[in-house]
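Asks: Mind looking over this structure? Questions follow.
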Amino acid sequence: MQPGITPRGSGGIDRTEVGVERDRSNSKRGGIRHNAAGERLQFEIMTTAGNRVRELVEQEIAWPRLHDRLSSGELDALAVAATDIATGGTHLFVHHSPDLPVPRWPHDRSMIGHTVQMSPEHVLASTSLPLLFSPVEVGGRWYTDGGIRQNTPLSPALRLGANRLVVISLGGPDQSLERPGTFPGIGQLVGKLLNSLFLDRMRWDLDRLDRINDVLDAGTREFGQGFLPRIQEQLGRLGRRPYAPIPYVNIKPSGDIGQLAARLMREVPALGDALSRPMRAVLTSDNLAAADAARRVP
């Protein structure tokens, strides 16, 4: 699959073009009407933010060295996931060493693997959070953030042959510090929605891995060393991959990085210049719970 091109904006935004006005024709509705200028401004905001992320990805990643390490086999594989907007499926872009096959999911047709030479387009497609960044075109298809439909985020690494994992999570301590009884603002609601899409799936997948490890360990202790080979043999007859214990380390932030991001955007306004005014208000809300939404903004 050949990489495509992300639409680029002019980089400048004339904020006087905001085309949002109150519809007073029906006082009961009180709706909001967007004109063409407002839609154009929103597209420019998304494109400008995406261009800034593009510059970071292109300049800070040593792409030639990365390709050399993968071609030589020093690194086995690098994979990023993106969501195909047309089908809703998860596409895994894999740059792997010559002796490693691309992973397949015969029992999950929504997961599709592609052998590629990793490029900025693939990374940008994987991190293109809806409503904040424009979709990215790769090989004639349009993609958005890979975490939207990927229910098992650990699966790609395991399919590529990993037998140990280092998992870096964005979710910090639980939200016990939230003020009970505080009316939930839009930031809190948006944040909980994003958590359910991205953070909760990682927790669930780690819990599932713990349960599989515990079952295999309990079976070996109860039935002896022959338990695991016999289970693997039976799974193979069913067309399933063999199970094996997978030790892992989960690295999590000691504090709430959503609150940190919200505080930084309040203290350094330039960090939020590429975002629309309503989105900045959401991410910098005084309600600490609103910082949930900030976790997913690069």
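By convention in this document, the chains of the structure tokens carry letters A, B, ... by their order, each chain's residues are numbered from 1, and ligands are numbered from 1 in the order they are shown.
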Excluding Gly219 (chain A) and its own-chain neighbours fewer than 3 positions away, which residues fall within 12 Å of it when counting only C-alpha atoms? Please give them as a list in words.
Replies: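 In the requested format, the answer is Ile212, Asn213, Asp214, Val215, Leu216, Glu222, Phe223, Gly224, Gln225, Gly226, Phe227, Leu228, Pro229, Arg230, Ile231, Ala244 and Pro245 of chain A.
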Asks: Name the residues in contact with Pro135 (chain A) at a cut-off of 9 Å, using only C-alpha atoms, excluding same-chain residues fewer than 4 positions from it; report them as a ChimeraX atom specification.
Replies: /A:6-7,85,124-125,128-130,142-145
Asks: Which neighbours of Arg203 (chain A) fall inside 9 Å, counting only C-alpha atoms, when residues of the same chain fewer than 5 positions from it are skipped, and could you give them as a list in words?
Replies: Ser169, Gly171 and Arg208 of chain A
Asks: Output the selection as an mmCIF file, in the first residue's frame - all heavy atoms for each residue.
Replies:
data_model
loop_
_atom_site.group_PDB
_atom_site.id
_atom_site.type_symbol
_atom_site.label_atom_id
_atom_site.label_comp_id
_atom_site.auth_asym_id
_atom_site.auth_seq_id
_atom_site.Cartn_x
_atom_site.Cartn_y
_atom_site.Cartn_z
ATOM 1 N N SER A 169 0.779 3.100 29.544
ATOM 2 C CA SER A 169 -0.604 3.564 29.596
ATOM 3 C C SER A 169 -0.645 5.064 29.867
ATOM 4 O O SER A 169 0.252 5.618 30.509
ATOM 5 C CB SER A 169 -1.384 2.832 30.685
ATOM 6 O OG SER A 169 -1.352 1.437 30.483
ATOM 7 N N GLY A 171 -3.528 6.354 31.289
ATOM 8 C CA GLY A 171 -4.409 6.505 32.435
ATOM 9 C C GLY A 171 -3.622 6.532 33.730
ATOM 10 O O GLY A 171 -2.842 5.618 34.018
ATOM 11 N N ARG A 208 -7.655 -9.111 30.760
ATOM 12 C CA ARG A 208 -7.823 -10.385 30.063
ATOM 13 C C ARG A 208 -6.505 -11.151 30.014
ATOM 14 O O ARG A 208 -6.469 -12.378 30.206
ATOM 15 C CB ARG A 208 -8.355 -10.156 28.652
ATOM 16 C CG ARG A 208 -8.702 -11.455 27.936
ATOM 17 C CD ARG A 208 -9.297 -11.210 26.585
ATOM 18 N NE ARG A 208 -8.305 -10.758 25.617
ATOM 19 C CZ ARG A 208 -8.411 -10.941 24.299
ATOM 20 N NH1 ARG A 208 -9.474 -11.535 23.810
ATOM 21 N NH2 ARG A 208 -7.492 -10.518 23.486
#
Asks: Which of these residues is nearest to Pro120 (chain A), using only C-alpha atoms: A:Ile257, A:Val53, A:Val102, A:Ala86?
Replies: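 Comparing A:Ile257, A:Val53, A:Val102, A:Ala86 against Pro120 (chain A), the winner is A:Val53.
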Asks: Just how far from CA of Val166 (chain A) is CA of Ala261 (chain A), in Å to one decimal?
Replies: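 Separation of CA of Ala261 (chain A) and CA of Val166 (chain A): 24.1 Å.
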Asks: Could you work out how far CA of Gly236 (chain A) lies from CA of Asn151 (chain A), giving the answer in Å with one decimal?
Replies: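 Separating CA of Asn151 (chain A) from CA of Gly236 (chain A) is a distance of 23.4 Å.
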Asks: As number ranges by chain, which residues of region 43-167 of chain A does DSSP assign to strand (DSSP E or B)?
Replies: A: 77-84, 90-96, 111-115, 136-138, 141-145, 165-167
